[in-house]
Structure formats: C-alpha cells, structure tokens
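*Asks:* Sharing a structure below in structure tokens format, with a few things to ask.
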Amino acid sequence: MSIDQSRLDEFRKTLEADDYHLSVELHDQSADVRIDAGPDACAECLVPKDFMRQMLSPLLGVGAERIDVSYPVDVHTAE
C-alpha cells in the first residue's frame with residue numbers, strides 16, 4: 001500500500017474549500033474514509049460513494065472495493 005500524500009493533501013484541500021473534512025484510517029489492505037460536513041457545506045453535493053472510492057483509490061494505494069466511505073448524510077446509498 002503506497003499513499004500519494006501530496007495528492008491526498010490536495011484532495012483534502014479541495015474538500016475543505018467546500019467545508020468538508022476528510023479523515024483516513026488505513027488498515028493492512030483497506031481504508032476507512034470519513035467525510036464530515038461543516039456548517040457551510042451542502043451534504044447533497046458530494047459525489048456518489050462509488051465514484052468517491054474510485055477517486056481515492058490511487059491516492060491511498062488501496063483498491064476501491066476495499067475503501068469504506070462514510071458521509072455526513074448518506075444521501076448516496078449506493079455501495
């Protein structure tokens with residue numbers, strides 16, 4: 001598992017610009033990703049979780065199917 005820290009930091013900054021906050025917890029071959037919304041964020045504006053996994057996979061060095069994504073409001077329930 002190889003994290004692309006600079007790209008992950010840039011991705012985090014992009015989310016923070018919209019008042020989202022990204023936290024990542026890595027395990028052996030998987031990752032738990034939590035995206036929290038600040039008071040100025042639009043919870044419905046996040047992309048579907050499957051697309052978010054695809055975007056995060058190369059940054060985290062983990063297969064998309066091994067990334068568990070948690071949103072502030074699970075509007076996009078497609079796993």
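A note on labels: chains of the structure tokens are A, B, ... as shown, every chain counts residues from 1, and ligands are counted from 1 in their shown order.
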Within 12 Å of A:Gly63, counting only C-alpha atoms, which residues qualify if same-chain residues fewer than 2 places away don't, as a short mmCIF file (atom, residue, chain, number, x, y, z; two decimals) with C-alpha atoms, in the first residue's frame?
*Replies:*
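Once everything was written out, this is around_19.cif:
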data_model
loop_
_atom_site.label_atom_id
_atom_site.label_comp_id
_atom_site.auth_asym_id
_atom_site.auth_seq_id
_atom_site.Cartn_x
_atom_site.Cartn_y
_atom_site.Cartn_z
CA MET A 1 0.00 0.00 0.00
CA SER A 2 1.52 3.30 -1.10
CA ILE A 3 -0.12 6.61 -0.18
CA ASP A 28 -3.50 -3.67 6.17
CA GLN A 29 -5.14 -3.66 2.74
CA SER A 30 -8.15 -1.41 3.32
CA ALA A 31 -9.10 2.10 4.35
CA ASP A 50 -18.68 4.52 -5.60
CA ARG A 53 -13.90 5.37 -3.88
CA GLN A 54 -12.60 5.47 -7.46
CA MET A 55 -11.09 8.93 -6.87
CA LEU A 56 -9.49 7.93 -3.56
CA SER A 57 -8.13 4.55 -4.66
CA PRO A 58 -4.98 5.82 -6.46
CA LEU A 59 -4.31 8.33 -3.68
CA LEU A 60 -4.49 5.72 -0.94
CA GLY A 61 -2.95 2.83 -2.83
CA GLU A 65 -13.58 -2.14 -3.27
CA ARG A 66 -11.54 -2.00 -0.05
CA ILE A 67 -12.41 1.59 0.82
CA ASP A 68 -15.28 2.18 3.22
#
*Asks:* For the strand (DSSP E) assignment from backbone DSSP, which residues of stretch 19-57 of chain A qualify? Please present them as a list in words.
*Replies:* Tyr20, His21, Leu22, Ser23, Val24, Glu25, Leu26, Ala31, Asp32, Val33, Arg34, Ile35, Asp36 and Ala37 of chain A
*Asks:* Mind checking which residues fall within 8 Å of A:Ala37, counting only C-alpha atoms, ignoring those fewer than 3 positions away in the same chain, and posting them as a short mmCIF file (atom, residue, chain, number, x, y, z; two decimals) with C-alpha atoms, in the first residue's frame?
*Replies:*
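So the final result, stored in part_34.cif, reads:
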data_model
loop_
_atom_site.label_atom_id
_atom_site.label_comp_id
_atom_site.auth_asym_id
_atom_site.auth_seq_id
_atom_site.Cartn_x
_atom_site.Cartn_y
_atom_site.Cartn_z
CA ASP A 19 -16.36 22.98 4.15
CA TYR A 20 -15.86 19.21 4.10
CA HIS A 21 -13.29 17.49 6.26
CA ASP A 40 -21.44 25.81 5.30
CA ALA A 41 -21.27 22.50 3.40
CA CYS A 42 -24.01 21.04 1.24
CA ALA A 43 -24.29 17.34 2.17
CA PRO A 72 -22.23 13.20 6.89
#
*Asks:* For A:Arg34, please output as a count of residues only all residues within 6 Å (counting only C-alpha atoms; exclusion window: fewer than 4 positions along the same chain).
*Replies:* 4
*Asks:* Please compute the atom CA of A:Cys45-atom CA of A:Leu26 distance, one decimal, in Å.
*Replies:* 25.4 Å
*Asks:* So how many Å separate atom CA of A:Gln5 and atom CA of A:Glu25, to one decimal?
*Replies:*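 Interatomic distance, atom CA of A:Gln5 to atom CA of A:Glu25: 13.4 Å.
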*Asks:* Please identify which residues in chain A DSSP calls helix (DSSP H, G or I) from the backbone, and express them as a ChimeraX atom specification.
*Replies:* /A:5-17,43-45,49-60,64-66
*Asks:* Work out how far atom CA of A:Ser6 is from atom CA of A:Tyr71, in Å to one decimal.
*Replies:* 22.8 Å
